[in-house]
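These notes are about the structure you will find just below.
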Amino acid sequence: MLIEDTVLNLLRLAAVRLPEDVKAALRRAYELEGNPLGRLQLENILENIRLAEEENVPVCQDTGVISFYLRAGLGFRGLNSIEGALYRAARKATLEIPLRPNSVDFFTNKNPGDNTGRYLPYISWGLFNGDYLDITVLLRGGGSENACTLKMMDPSAGLEGVKEFVLDSVIKAGGKPCPPTIIGVGLGGGADIATSLAKRALLKPLDEENPNEDAAKLERDLYELINMTGIGPMGLGGNITTLAVRVEYAHRHPASYPVAVAFQCWAARRATARIYSDGRVEYLSHKI
Ligand code: SF4
């Protein structure tokens, strides 16, 4: 029950209250936005966030599909009960928060009505030597998902080619992923690895520098370039199109240069908790 209850709390936190770093980035964006229409959009977004918290309702009607990212200590008691608890929490959350039932059969469109189905919620496992369990919940709506891109580039394209592709993806997406967005860029590995790294990059806190200096510079350069597009908040014009760019990378085959771009709308709904084997729970992403 402890895992199920904690995950239910995480799903509610994610759906209703954006993490502090995202709210701080949106407040900063409001200060920096020079376009009156863009500023108005940010004002509406901040008011939307305030009302959702006050009324304890989801911050957006599209509560997205659920992904769970786990870091499980091999010494954590109850490893074999985690998946069942995640599914039960997803079903309960759909009824109680409520979350919009967003999981449909690929071929028939049939909706089980509880946000579960084949491979949904998505569960990503990581194991380490330890005795606690970290669970991150990510809720992403269709507007963000549909803008994602992947390109298998020629290595000769280099970082200038990466920038061109990311910028092109942002311009093509325009206002559809509800900017200001967070942009996750996945580099290297293969097509699957780059795509998964781009999504994982969306989990990084917005107020932490990338520890790799090359990746940090790429993040800064892309942040500047994207905010020069003029797309602006909700695509209605302005100088804040992205809140942050986050890069994750892997080694690659010498002949391959995969680049993936994942979009996250302003409603960046993620929440993380750590559960210890002795039953203690710490919420890491939100002040409770
Ligand atoms: S892109 Fe995000 S903010 Fe826009 S409708 Fe979808 S979930 Fe909501």
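Residue names in the structure tokens use chain letters A, B, ... in the order shown, residue numbers from 1 in each chain, and ligand numbers from 1 in the order shown.
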Review point. Do you know which residues are within 6 Å of ligand 1 using only C-alpha atoms and all ligand atoms? Can you write them as a PyMOL selection string?
Key: chain A and resi 60+62+141-144+177-178+265+267
Expected file: the selected residues, N, CA, C and O atoms, as a PDB file, in the first residue's frame:
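Below you can see again-v2.pdb, which holds the result:
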```
ATOM      1  N   CYS A  60      -4.148  21.366 -16.473  1.00  0.00           N
ATOM      2  CA  CYS A  60      -4.638  21.376 -17.856  1.00  0.00           C
ATOM      3  C   CYS A  60      -5.606  20.211 -18.040  1.00  0.00           C
ATOM      4  O   CYS A  60      -5.444  19.161 -17.411  1.00  0.00           O
ATOM      5  N   ASP A  62      -5.933  18.277 -20.590  1.00  0.00           N
ATOM      6  CA  ASP A  62      -5.249  17.089 -21.122  1.00  0.00           C
ATOM      7  C   ASP A  62      -4.225  16.655 -20.085  1.00  0.00           C
ATOM      8  O   ASP A  62      -3.126  17.223 -20.000  1.00  0.00           O
ATOM      9  N   GLY A 141       1.052  15.714 -22.329  1.00  0.00           N
ATOM     10  CA  GLY A 141      -0.120  15.787 -23.193  1.00  0.00           C
ATOM     11  C   GLY A 141       0.226  15.542 -24.659  1.00  0.00           C
ATOM     12  O   GLY A 141       1.404  15.519 -25.053  1.00  0.00           O
ATOM     13  N   GLY A 142      -0.811  15.371 -25.466  1.00  0.00           N
ATOM     14  CA  GLY A 142      -0.638  15.077 -26.889  1.00  0.00           C
ATOM     15  C   GLY A 142       0.032  16.218 -27.648  1.00  0.00           C
ATOM     16  O   GLY A 142       0.780  15.992 -28.605  1.00  0.00           O
ATOM     17  N   GLY A 143      -0.202  17.450 -27.243  1.00  0.00           N
ATOM     18  CA  GLY A 143       0.399  18.603 -27.934  1.00  0.00           C
ATOM     19  C   GLY A 143       1.905  18.554 -27.876  1.00  0.00           C
ATOM     20  O   GLY A 143       2.596  18.861 -28.854  1.00  0.00           O
ATOM     21  N   SER A 144       2.442  18.161 -26.728  1.00  0.00           N
ATOM     22  CA  SER A 144       3.905  18.045 -26.591  1.00  0.00           C
ATOM     23  C   SER A 144       4.408  16.831 -27.361  1.00  0.00           C
ATOM     24  O   SER A 144       5.415  16.890 -28.068  1.00  0.00           O
ATOM     25  N   PRO A 177       2.802  22.959 -29.322  1.00  0.00           N
ATOM     26  CA  PRO A 177       3.103  22.347 -28.015  1.00  0.00           C
ATOM     27  C   PRO A 177       2.947  23.312 -26.834  1.00  0.00           C
ATOM     28  O   PRO A 177       3.538  23.088 -25.769  1.00  0.00           O
ATOM     29  N   CYS A 178       2.133  24.353 -26.987  1.00  0.00           N
ATOM     30  CA  CYS A 178       1.856  25.317 -25.905  1.00  0.00           C
ATOM     31  C   CYS A 178       3.125  25.893 -25.273  1.00  0.00           C
ATOM     32  O   CYS A 178       3.430  25.613 -24.101  1.00  0.00           O
ATOM     33  N   CYS A 265       5.406  21.066 -22.915  1.00  0.00           N
ATOM     34  CA  CYS A 265       4.683  22.339 -22.824  1.00  0.00           C
ATOM     35  C   CYS A 265       4.934  23.011 -21.469  1.00  0.00           C
ATOM     36  O   CYS A 265       5.538  22.415 -20.585  1.00  0.00           O
ATOM     37  N   ALA A 267       3.068  23.279 -19.106  1.00  0.00           N
ATOM     38  CA  ALA A 267       2.495  22.468 -18.021  1.00  0.00           C
ATOM     39  C   ALA A 267       3.410  21.263 -17.799  1.00  0.00           C
ATOM     40  O   ALA A 267       3.056  20.128 -18.126  1.00  0.00           O
TER      41      ALA A 267
END
```
DSSP on the backbone: what in range 49-138 of chain A comes out helix (DSSP H, G or I), as a PDB file with all heavy atoms, in the first residue's frame?
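And here's selection_20.pdb as it stands now:
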```pdb
ATOM      1  N   ILE A  49      -2.119  28.363 -13.068  1.00  0.00           N
ATOM      2  CA  ILE A  49      -1.370  27.539 -12.109  1.00  0.00           C
ATOM      3  C   ILE A  49      -1.865  27.819 -10.683  1.00  0.00           C
ATOM      4  O   ILE A  49      -2.077  26.900  -9.886  1.00  0.00           O
ATOM      5  CB  ILE A  49       0.148  27.837 -12.226  1.00  0.00           C
ATOM      6  CG1 ILE A  49       0.669  27.339 -13.575  1.00  0.00           C
ATOM      7  CG2 ILE A  49       0.933  27.243 -11.075  1.00  0.00           C
ATOM      8  CD1 ILE A  49       2.060  27.841 -13.920  1.00  0.00           C
ATOM      9  N   ARG A  50      -2.077  29.103 -10.381  1.00  0.00           N
ATOM     10  CA  ARG A  50      -2.528  29.482  -9.034  1.00  0.00           C
ATOM     11  C   ARG A  50      -3.911  28.884  -8.741  1.00  0.00           C
ATOM     12  O   ARG A  50      -4.154  28.302  -7.686  1.00  0.00           O
ATOM     13  CB  ARG A  50      -2.576  31.017  -8.923  1.00  0.00           C
ATOM     14  CG  ARG A  50      -2.774  31.535  -7.507  1.00  0.00           C
ATOM     15  CD  ARG A  50      -3.049  33.031  -7.490  1.00  0.00           C
ATOM     16  NE  ARG A  50      -4.323  33.388  -8.083  1.00  0.00           N
ATOM     17  CZ  ARG A  50      -5.518  33.209  -7.533  1.00  0.00           C
ATOM     18  NH1 ARG A  50      -5.603  32.660  -6.345  1.00  0.00           N
ATOM     19  NH2 ARG A  50      -6.627  33.573  -8.159  1.00  0.00           N
ATOM     20  N   LEU A  51      -4.806  29.004  -9.723  1.00  0.00           N
ATOM     21  CA  LEU A  51      -6.172  28.502  -9.522  1.00  0.00           C
ATOM     22  C   LEU A  51      -6.206  26.982  -9.370  1.00  0.00           C
ATOM     23  O   LEU A  51      -6.959  26.449  -8.555  1.00  0.00           O
ATOM     24  CB  LEU A  51      -7.058  28.917 -10.705  1.00  0.00           C
ATOM     25  CG  LEU A  51      -7.540  30.363 -10.680  1.00  0.00           C
ATOM     26  CD1 LEU A  51      -8.250  30.707 -11.976  1.00  0.00           C
ATOM     27  CD2 LEU A  51      -8.473  30.596  -9.485  1.00  0.00           C
ATOM     28  N   ALA A  52      -5.385  26.295 -10.181  1.00  0.00           N
ATOM     29  CA  ALA A  52      -5.355  24.821 -10.091  1.00  0.00           C
ATOM     30  C   ALA A  52      -4.969  24.396  -8.677  1.00  0.00           C
ATOM     31  O   ALA A  52      -5.574  23.490  -8.096  1.00  0.00           O
ATOM     32  CB  ALA A  52      -4.377  24.257 -11.113  1.00  0.00           C
ATOM     33  N   GLU A  53      -3.959  25.071  -8.128  1.00  0.00           N
ATOM     34  CA  GLU A  53      -3.515  24.724  -6.768  1.00  0.00           C
ATOM     35  C   GLU A  53      -4.603  25.039  -5.744  1.00  0.00           C
ATOM     36  O   GLU A  53      -4.878  24.241  -4.856  1.00  0.00           O
ATOM     37  CB  GLU A  53      -2.243  25.507  -6.416  1.00  0.00           C
ATOM     38  CG  GLU A  53      -1.033  24.990  -7.140  1.00  0.00           C
ATOM     39  CD  GLU A  53       0.265  25.637  -6.677  1.00  0.00           C
ATOM     40  OE1 GLU A  53       0.281  26.281  -5.608  1.00  0.00           O
ATOM     41  OE2 GLU A  53       1.265  25.499  -7.398  1.00  0.00           O
ATOM     42  N   GLU A  54      -5.212  26.210  -5.910  1.00  0.00           N
ATOM     43  CA  GLU A  54      -6.238  26.635  -4.944  1.00  0.00           C
ATOM     44  C   GLU A  54      -7.443  25.685  -4.966  1.00  0.00           C
ATOM     45  O   GLU A  54      -7.981  25.305  -3.942  1.00  0.00           O
ATOM     46  CB  GLU A  54      -6.673  28.052  -5.315  1.00  0.00           C
ATOM     47  CG  GLU A  54      -7.419  28.781  -4.239  1.00  0.00           C
ATOM     48  CD  GLU A  54      -7.707  30.206  -4.677  1.00  0.00           C
ATOM     49  OE1 GLU A  54      -6.769  31.020  -4.737  1.00  0.00           O
ATOM     50  OE2 GLU A  54      -8.875  30.486  -5.017  1.00  0.00           O
ATOM     51  N   GLU A  55      -7.850  25.285  -6.179  1.00  0.00           N
ATOM     52  CA  GLU A  55      -9.055  24.447  -6.313  1.00  0.00           C
ATOM     53  C   GLU A  55      -8.728  22.953  -6.272  1.00  0.00           C
ATOM     54  O   GLU A  55      -9.620  22.116  -6.370  1.00  0.00           O
ATOM     55  CB  GLU A  55      -9.753  24.733  -7.655  1.00  0.00           C
ATOM     56  CG  GLU A  55     -10.072  26.196  -7.934  1.00  0.00           C
ATOM     57  CD  GLU A  55     -11.283  26.678  -7.159  1.00  0.00           C
ATOM     58  OE1 GLU A  55     -12.183  25.863  -6.929  1.00  0.00           O
ATOM     59  OE2 GLU A  55     -11.300  27.855  -6.781  1.00  0.00           O
ATOM     60  N   LEU A  79      10.495  -5.177  -4.189  1.00  0.00           N
ATOM     61  CA  LEU A  79      10.725  -4.864  -5.614  1.00  0.00           C
ATOM     62  C   LEU A  79       9.664  -5.499  -6.518  1.00  0.00           C
ATOM     63  O   LEU A  79       9.222  -4.918  -7.494  1.00  0.00           O
ATOM     64  CB  LEU A  79      12.097  -5.390  -6.055  1.00  0.00           C
ATOM     65  CG  LEU A  79      13.326  -4.516  -5.795  1.00  0.00           C
ATOM     66  CD1 LEU A  79      14.567  -5.186  -6.352  1.00  0.00           C
ATOM     67  CD2 LEU A  79      13.157  -3.140  -6.397  1.00  0.00           C
ATOM     68  N   ASN A  80       9.268  -6.741  -6.159  1.00  0.00           N
ATOM     69  CA  ASN A  80       8.345  -7.480  -7.035  1.00  0.00           C
ATOM     70  C   ASN A  80       6.907  -6.951  -6.980  1.00  0.00           C
ATOM     71  O   ASN A  80       6.074  -7.342  -7.779  1.00  0.00           O
ATOM     72  CB  ASN A  80       8.377  -8.984  -6.734  1.00  0.00           C
ATOM     73  CG  ASN A  80       7.990  -9.260  -5.297  1.00  0.00           C
ATOM     74  OD1 ASN A  80       7.848  -8.321  -4.517  1.00  0.00           O
ATOM     75  ND2 ASN A  80       7.819 -10.526  -4.956  1.00  0.00           N
ATOM     76  N   SER A  81       6.631  -6.036  -6.048  1.00  0.00           N
ATOM     77  CA  SER A  81       5.249  -5.541  -5.977  1.00  0.00           C
ATOM     78  C   SER A  81       5.104  -4.156  -6.607  1.00  0.00           C
ATOM     79  O   SER A  81       4.011  -3.580  -6.615  1.00  0.00           O
ATOM     80  CB  SER A  81       4.794  -5.493  -4.516  1.00  0.00           C
ATOM     81  OG  SER A  81       5.615  -4.589  -3.806  1.00  0.00           O
ATOM     82  N   ILE A  82       6.214  -3.628  -7.146  1.00  0.00           N
ATOM     83  CA  ILE A  82       6.173  -2.230  -7.612  1.00  0.00           C
ATOM     84  C   ILE A  82       5.230  -2.065  -8.814  1.00  0.00           C
ATOM     85  O   ILE A  82       4.375  -1.172  -8.823  1.00  0.00           O
ATOM     86  CB  ILE A  82       7.595  -1.739  -7.972  1.00  0.00           C
ATOM     87  CG1 ILE A  82       8.445  -1.675  -6.701  1.00  0.00           C
ATOM     88  CG2 ILE A  82       7.539  -0.365  -8.630  1.00  0.00           C
ATOM     89  CD1 ILE A  82       9.895  -1.296  -6.946  1.00  0.00           C
ATOM     90  N   GLU A  83       5.392  -2.918  -9.832  1.00  0.00           N
ATOM     91  CA  GLU A  83       4.601  -2.694 -11.062  1.00  0.00           C
ATOM     92  C   GLU A  83       3.104  -2.735 -10.796  1.00  0.00           C
ATOM     93  O   GLU A  83       2.359  -1.898 -11.295  1.00  0.00           O
ATOM     94  CB  GLU A  83       4.996  -3.716 -12.140  1.00  0.00           C
ATOM     95  CG  GLU A  83       6.360  -3.394 -12.708  1.00  0.00           C
ATOM     96  CD  GLU A  83       6.528  -3.856 -14.160  1.00  0.00           C
ATOM     97  OE1 GLU A  83       5.553  -4.305 -14.787  1.00  0.00           O
ATOM     98  OE2 GLU A  83       7.665  -3.765 -14.629  1.00  0.00           O
ATOM     99  N   GLY A  84       2.669  -3.698  -9.994  1.00  0.00           N
ATOM    100  CA  GLY A  84       1.241  -3.798  -9.673  1.00  0.00           C
ATOM    101  C   GLY A  84       0.764  -2.525  -8.985  1.00  0.00           C
ATOM    102  O   GLY A  84      -0.325  -1.999  -9.270  1.00  0.00           O
ATOM    103  N   ALA A  85       1.605  -2.003  -8.067  1.00  0.00           N
ATOM    104  CA  ALA A  85       1.227  -0.786  -7.327  1.00  0.00           C
ATOM    105  C   ALA A  85       1.102   0.404  -8.283  1.00  0.00           C
ATOM    106  O   ALA A  85       0.214   1.251  -8.131  1.00  0.00           O
ATOM    107  CB  ALA A  85       2.269  -0.499  -6.252  1.00  0.00           C
ATOM    108  N   LEU A  86       1.992   0.470  -9.278  1.00  0.00           N
ATOM    109  CA  LEU A  86       1.940   1.600 -10.227  1.00  0.00           C
ATOM    110  C   LEU A  86       0.631   1.565 -11.029  1.00  0.00           C
ATOM    111  O   LEU A  86      -0.016   2.599 -11.231  1.00  0.00           O
ATOM    112  CB  LEU A  86       3.129   1.538 -11.192  1.00  0.00           C
ATOM    113  CG  LEU A  86       4.534   1.642 -10.579  1.00  0.00           C
ATOM    114  CD1 LEU A  86       5.597   1.554 -11.665  1.00  0.00           C
ATOM    115  CD2 LEU A  86       4.704   2.922  -9.793  1.00  0.00           C
ATOM    116  N   TYR A  87       0.251   0.373 -11.472  1.00  0.00           N
ATOM    117  CA  TYR A  87      -0.994   0.241 -12.255  1.00  0.00           C
ATOM    118  C   TYR A  87      -2.214   0.579 -11.395  1.00  0.00           C
ATOM    119  O   TYR A  87      -3.120   1.267 -11.842  1.00  0.00           O
ATOM    120  CB  TYR A  87      -1.112  -1.173 -12.827  1.00  0.00           C
ATOM    121  CG  TYR A  87      -0.425  -1.293 -14.174  1.00  0.00           C
ATOM    122  CD1 TYR A  87       0.955  -1.387 -14.265  1.00  0.00           C
ATOM    123  CD2 TYR A  87      -1.167  -1.260 -15.350  1.00  0.00           C
ATOM    124  CE1 TYR A  87       1.585  -1.470 -15.490  1.00  0.00           C
ATOM    125  CE2 TYR A  87      -0.539  -1.341 -16.584  1.00  0.00           C
ATOM    126  CZ  TYR A  87       0.839  -1.446 -16.643  1.00  0.00           C
ATOM    127  OH  TYR A  87       1.461  -1.512 -17.871  1.00  0.00           O
ATOM    128  N   ARG A  88      -2.204   0.075 -10.153  1.00  0.00           N
ATOM    129  CA  ARG A  88      -3.361   0.366  -9.279  1.00  0.00           C
ATOM    130  C   ARG A  88      -3.456   1.864  -9.010  1.00  0.00           C
ATOM    131  O   ARG A  88      -4.547   2.443  -9.032  1.00  0.00           O
ATOM    132  CB  ARG A  88      -3.243  -0.418  -7.958  1.00  0.00           C
ATOM    133  CG  ARG A  88      -3.547  -1.907  -8.105  1.00  0.00           C
ATOM    134  CD  ARG A  88      -3.755  -2.547  -6.751  1.00  0.00           C
ATOM    135  NE  ARG A  88      -2.588  -2.457  -5.894  1.00  0.00           N
ATOM    136  CZ  ARG A  88      -1.526  -3.259  -5.952  1.00  0.00           C
ATOM    137  NH1 ARG A  88      -1.494  -4.232  -6.836  1.00  0.00           N
ATOM    138  NH2 ARG A  88      -0.500  -3.103  -5.126  1.00  0.00           N
ATOM    139  N   ALA A  89      -2.306   2.504  -8.790  1.00  0.00           N
ATOM    140  CA  ALA A  89      -2.320   3.950  -8.518  1.00  0.00           C
ATOM    141  C   ALA A  89      -2.825   4.721  -9.738  1.00  0.00           C
ATOM    142  O   ALA A  89      -3.579   5.691  -9.605  1.00  0.00           O
ATOM    143  CB  ALA A  89      -0.917   4.412  -8.137  1.00  0.00           C
ATOM    144  N   ALA A  90      -2.432   4.269 -10.940  1.00  0.00           N
ATOM    145  CA  ALA A  90      -2.890   4.959 -12.162  1.00  0.00           C
ATOM    146  C   ALA A  90      -4.410   4.866 -12.287  1.00  0.00           C
ATOM    147  O   ALA A  90      -5.083   5.840 -12.631  1.00  0.00           O
ATOM    148  CB  ALA A  90      -2.213   4.340 -13.384  1.00  0.00           C
ATOM    149  N   ARG A  91      -4.946   3.686 -11.974  1.00  0.00           N
ATOM    150  CA  ARG A  91      -6.410   3.504 -12.076  1.00  0.00           C
ATOM    151  C   ARG A  91      -7.127   4.386 -11.054  1.00  0.00           C
ATOM    152  O   ARG A  91      -8.099   5.055 -11.371  1.00  0.00           O
ATOM    153  CB  ARG A  91      -6.784   2.040 -11.838  1.00  0.00           C
ATOM    154  CG  ARG A  91      -6.326   1.143 -12.955  1.00  0.00           C
ATOM    155  CD  ARG A  91      -6.951  -0.257 -12.879  1.00  0.00           C
ATOM    156  NE  ARG A  91      -6.449  -1.038 -13.982  1.00  0.00           N
ATOM    157  CZ  ARG A  91      -5.473  -1.949 -13.889  1.00  0.00           C
ATOM    158  NH1 ARG A  91      -4.920  -2.217 -12.717  1.00  0.00           N
ATOM    159  NH2 ARG A  91      -5.058  -2.588 -14.955  1.00  0.00           N
ATOM    160  N   LYS A  92      -6.611   4.382  -9.831  1.00  0.00           N
ATOM    161  CA  LYS A  92      -7.239   5.182  -8.770  1.00  0.00           C
ATOM    162  C   LYS A  92      -7.150   6.667  -9.112  1.00  0.00           C
ATOM    163  O   LYS A  92      -8.116   7.411  -8.945  1.00  0.00           O
ATOM    164  CB  LYS A  92      -6.489   4.946  -7.451  1.00  0.00           C
ATOM    165  CG  LYS A  92      -7.274   4.162  -6.444  1.00  0.00           C
ATOM    166  CD  LYS A  92      -6.587   4.276  -5.096  1.00  0.00           C
ATOM    167  CE  LYS A  92      -7.025   3.121  -4.227  1.00  0.00           C
ATOM    168  NZ  LYS A  92      -6.294   3.028  -2.999  1.00  0.00           N
ATOM    169  N   ALA A  93      -5.974   7.088  -9.586  1.00  0.00           N
ATOM    170  CA  ALA A  93      -5.775   8.510  -9.905  1.00  0.00           C
ATOM    171  C   ALA A  93      -6.755   8.958 -10.979  1.00  0.00           C
ATOM    172  O   ALA A  93      -7.277  10.074 -10.939  1.00  0.00           O
ATOM    173  CB  ALA A  93      -4.333   8.739 -10.364  1.00  0.00           C
ATOM    174  N   THR A  94      -7.006   8.084 -11.951  1.00  0.00           N
ATOM    175  CA  THR A  94      -7.929   8.427 -13.042  1.00  0.00           C
ATOM    176  C   THR A  94      -9.309   8.751 -12.473  1.00  0.00           C
ATOM    177  O   THR A  94      -9.945   9.721 -12.893  1.00  0.00           O
ATOM    178  CB  THR A  94      -8.018   7.265 -14.040  1.00  0.00           C
ATOM    179  OG1 THR A  94      -6.687   6.963 -14.483  1.00  0.00           O
ATOM    180  CG2 THR A  94      -8.877   7.616 -15.234  1.00  0.00           C
ATOM    181  N   LEU A  95      -9.721   7.981 -11.475  1.00  0.00           N
ATOM    182  CA  LEU A  95     -11.036   8.211 -10.870  1.00  0.00           C
ATOM    183  C   LEU A  95     -11.043   9.377  -9.898  1.00  0.00           C
ATOM    184  O   LEU A  95     -11.955  10.196  -9.882  1.00  0.00           O
ATOM    185  CB  LEU A  95     -11.468   6.961 -10.084  1.00  0.00           C
ATOM    186  CG  LEU A  95     -12.003   5.781 -10.868  1.00  0.00           C
ATOM    187  CD1 LEU A  95     -12.281   4.636  -9.920  1.00  0.00           C
ATOM    188  CD2 LEU A  95     -13.282   6.179 -11.610  1.00  0.00           C
ATOM    189  N   GLU A  96      -9.983   9.439  -9.071  1.00  0.00           N
ATOM    190  CA  GLU A  96     -10.055  10.341  -7.924  1.00  0.00           C
ATOM    191  C   GLU A  96      -9.591  11.761  -8.206  1.00  0.00           C
ATOM    192  O   GLU A  96     -10.103  12.704  -7.611  1.00  0.00           O
ATOM    193  CB  GLU A  96      -9.228   9.768  -6.760  1.00  0.00           C
ATOM    194  CG  GLU A  96      -9.871   8.528  -6.173  1.00  0.00           C
ATOM    195  CD  GLU A  96      -9.082   7.976  -5.003  1.00  0.00           C
ATOM    196  OE1 GLU A  96      -8.222   8.682  -4.445  1.00  0.00           O
ATOM    197  OE2 GLU A  96      -9.343   6.807  -4.646  1.00  0.00           O
TER     198      GLU A  96
END
```
Check your understanding: Could you pull the residues within 12 Å of Ile135 in chain A, counting only C-alpha atoms, minus those fewer than 4 positions along the same chain, as a VMD selection string?
Key -> chain A and resid 3 to 4 6 to 11 67 to 73 82 to 83 85 to 86 123 to 127 203 270 to 276 281 to 285
Review point. When distances are computed from only C-alpha atoms, which of A:Val261, A:Lys199, A:Glu213, A:Asn44 shows the smallest separation from Ser169 in chain A?
Key: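 Among the listed residues, A:Val261 lies closest to Ser169 in chain A.
Between CA of Tyr257 in chain A and CA of Ala173 in chain A the separation is 22.4 Å.
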Check your understanding: Given the choices A:Leu202, A:Val65, A:Leu138, A:Ile240, which gets closest to Pro101 in chain A if the distance is worked out from only C-alpha atoms?
Key ->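 Closest to Pro101 in chain A of all the choices is A:Val65.
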Review point. Which residues come within 9 Å of Met153 in chain A, counting only C-alpha atoms, excluding same-chain residues fewer than 4 positions away, as a list in words?
Key: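 After dropping sequence-adjacent residues, the list is Ala157, Gly158, Gly161, Val162, Ser256, Tyr257, Pro258 and Val259 of chain A.
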**Study point:** strand (DSSP E) positions in range 147-280 of chain A, given as a PyMOL selection string
**Key:** chain A and resi 149-153+181-189+242-252+257-264+269-276
Dump as a short mmCIF file (atom, residue, chain, number, x, y, z; two decimals), in the first residue's frame, selection limited to N, CA and C atoms:
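Final file, again36.cif:
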```
data_model
loop_
_atom_site.label_atom_id
_atom_site.label_comp_id
_atom_site.auth_asym_id
_atom_site.auth_seq_id
_atom_site.Cartn_x
_atom_site.Cartn_y
_atom_site.Cartn_z
N THR A 149 10.60 15.01 -32.59
CA THR A 149 11.24 14.68 -33.88
C THR A 149 12.51 13.86 -33.65
N LEU A 150 12.94 13.21 -34.72
CA LEU A 150 14.19 12.42 -34.70
C LEU A 150 14.83 12.55 -36.07
N LYS A 151 16.14 12.72 -36.10
CA LYS A 151 16.85 12.72 -37.38
C LYS A 151 18.15 11.94 -37.21
N MET A 152 18.37 11.01 -38.16
CA MET A 152 19.65 10.30 -38.18
C MET A 152 20.54 11.11 -39.11
N MET A 153 21.42 11.92 -38.54
CA MET A 153 22.20 12.86 -39.34
C MET A 153 23.53 12.24 -39.77
N THR A 181 8.04 26.26 -23.94
CA THR A 181 8.31 24.84 -23.75
C THR A 181 9.64 24.62 -23.04
N ILE A 182 9.82 23.40 -22.61
CA ILE A 182 11.15 22.91 -22.24
C ILE A 182 11.53 21.97 -23.38
N ILE A 183 12.73 22.13 -23.91
CA ILE A 183 13.15 21.31 -25.03
C ILE A 183 14.18 20.29 -24.55
N GLY A 184 13.88 19.00 -24.74
CA GLY A 184 14.83 17.94 -24.43
C GLY A 184 15.52 17.51 -25.71
N VAL A 185 16.84 17.49 -25.69
CA VAL A 185 17.60 17.07 -26.88
C VAL A 185 18.38 15.81 -26.52
N GLY A 186 18.16 14.75 -27.29
CA GLY A 186 18.88 13.49 -27.07
C GLY A 186 19.88 13.29 -28.19
N LEU A 187 21.13 13.05 -27.83
CA LEU A 187 22.19 12.93 -28.83
C LEU A 187 22.87 11.57 -28.70
N GLY A 188 23.14 10.93 -29.83
CA GLY A 188 23.97 9.74 -29.83
C GLY A 188 23.21 8.45 -29.60
N GLY A 189 23.94 7.39 -29.29
CA GLY A 189 23.34 6.06 -29.15
C GLY A 189 22.85 5.59 -30.50
N THR A 242 11.07 29.31 -25.20
CA THR A 242 11.47 28.16 -24.37
C THR A 242 11.90 28.63 -22.99
N LEU A 243 11.61 27.81 -21.98
CA LEU A 243 12.07 28.11 -20.62
C LEU A 243 13.49 27.58 -20.42
N ALA A 244 13.80 26.49 -21.09
CA ALA A 244 15.12 25.87 -20.93
C ALA A 244 15.30 24.79 -21.98
N VAL A 245 16.55 24.55 -22.32
CA VAL A 245 16.91 23.42 -23.19
C VAL A 245 17.76 22.48 -22.35
N ARG A 246 17.44 21.20 -22.41
CA ARG A 246 18.19 20.22 -21.62
C ARG A 246 18.72 19.15 -22.56
N VAL A 247 20.01 18.86 -22.44
CA VAL A 247 20.67 17.91 -23.35
C VAL A 247 21.09 16.66 -22.58
N GLU A 248 20.82 15.50 -23.16
CA GLU A 248 21.35 14.21 -22.66
C GLU A 248 22.05 13.54 -23.84
N TYR A 249 23.10 12.82 -23.58
CA TYR A 249 23.85 12.25 -24.71
C TYR A 249 24.42 10.88 -24.38
N ALA A 250 24.73 10.15 -25.45
CA ALA A 250 25.35 8.83 -25.31
C ALA A 250 26.46 8.72 -26.36
N HIS A 251 27.40 7.81 -26.14
CA HIS A 251 28.37 7.51 -27.20
C HIS A 251 27.61 6.99 -28.40
N ARG A 252 28.24 7.02 -29.57
CA ARG A 252 27.54 6.65 -30.80
C ARG A 252 28.47 5.84 -31.72
N TYR A 257 24.84 9.71 -36.24
CA TYR A 257 24.76 10.99 -35.51
C TYR A 257 23.28 11.27 -35.21
N PRO A 258 22.67 10.43 -34.34
CA PRO A 258 21.24 10.58 -34.08
C PRO A 258 20.96 11.81 -33.20
N VAL A 259 19.92 12.53 -33.58
CA VAL A 259 19.49 13.70 -32.79
C VAL A 259 17.98 13.61 -32.62
N ALA A 260 17.52 13.64 -31.37
CA ALA A 260 16.07 13.60 -31.11
C ALA A 260 15.68 14.83 -30.31
N VAL A 261 14.47 15.31 -30.58
CA VAL A 261 13.97 16.50 -29.87
C VAL A 261 12.64 16.13 -29.22
N ALA A 262 12.55 16.34 -27.90
CA ALA A 262 11.30 16.11 -27.17
C ALA A 262 10.80 17.45 -26.64
N PHE A 263 9.52 17.68 -26.81
CA PHE A 263 8.92 18.93 -26.35
C PHE A 263 8.17 18.71 -25.04
N GLN A 264 8.23 19.68 -24.19
CA GLN A 264 7.40 19.69 -22.98
C GLN A 264 6.73 21.05 -22.89
N ARG A 269 4.55 18.67 -16.00
CA ARG A 269 4.02 17.97 -14.84
C ARG A 269 4.85 16.75 -14.49
N ARG A 270 5.71 16.95 -13.52
CA ARG A 270 6.53 15.84 -13.02
C ARG A 270 6.60 15.93 -11.51
N ALA A 271 6.77 14.79 -10.88
CA ALA A 271 6.88 14.76 -9.42
C ALA A 271 7.71 13.53 -9.03
N THR A 272 8.55 13.71 -8.02
CA THR A 272 9.46 12.63 -7.61
C THR A 272 9.39 12.40 -6.11
N ALA A 273 9.43 11.14 -5.73
CA ALA A 273 9.51 10.79 -4.30
C ALA A 273 10.53 9.68 -4.10
N ARG A 274 11.09 9.65 -2.89
CA ARG A 274 12.00 8.56 -2.50
C ARG A 274 11.35 7.79 -1.37
N ILE A 275 11.27 6.47 -1.57
CA ILE A 275 10.70 5.60 -0.52
C ILE A 275 11.82 4.73 0.03
N TYR A 276 11.96 4.77 1.34
CA TYR A 276 12.99 3.95 1.99
C TYR A 276 12.38 2.63 2.45
#
```
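Atom pair CA of Glu208 in chain A / CA of Pro19 in chain A has a distance of 14.0 Å (rounded to one decimal).
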**Study point:** Residue with smallest distance to Tyr122 in chain A - pool A:Leu13, A:Val104, A:Ala215, A:Val137, counting only C-alpha atoms
**Key:**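 Counting only C-alpha atoms, the residue closest to Tyr122 in chain A is A:Val137.
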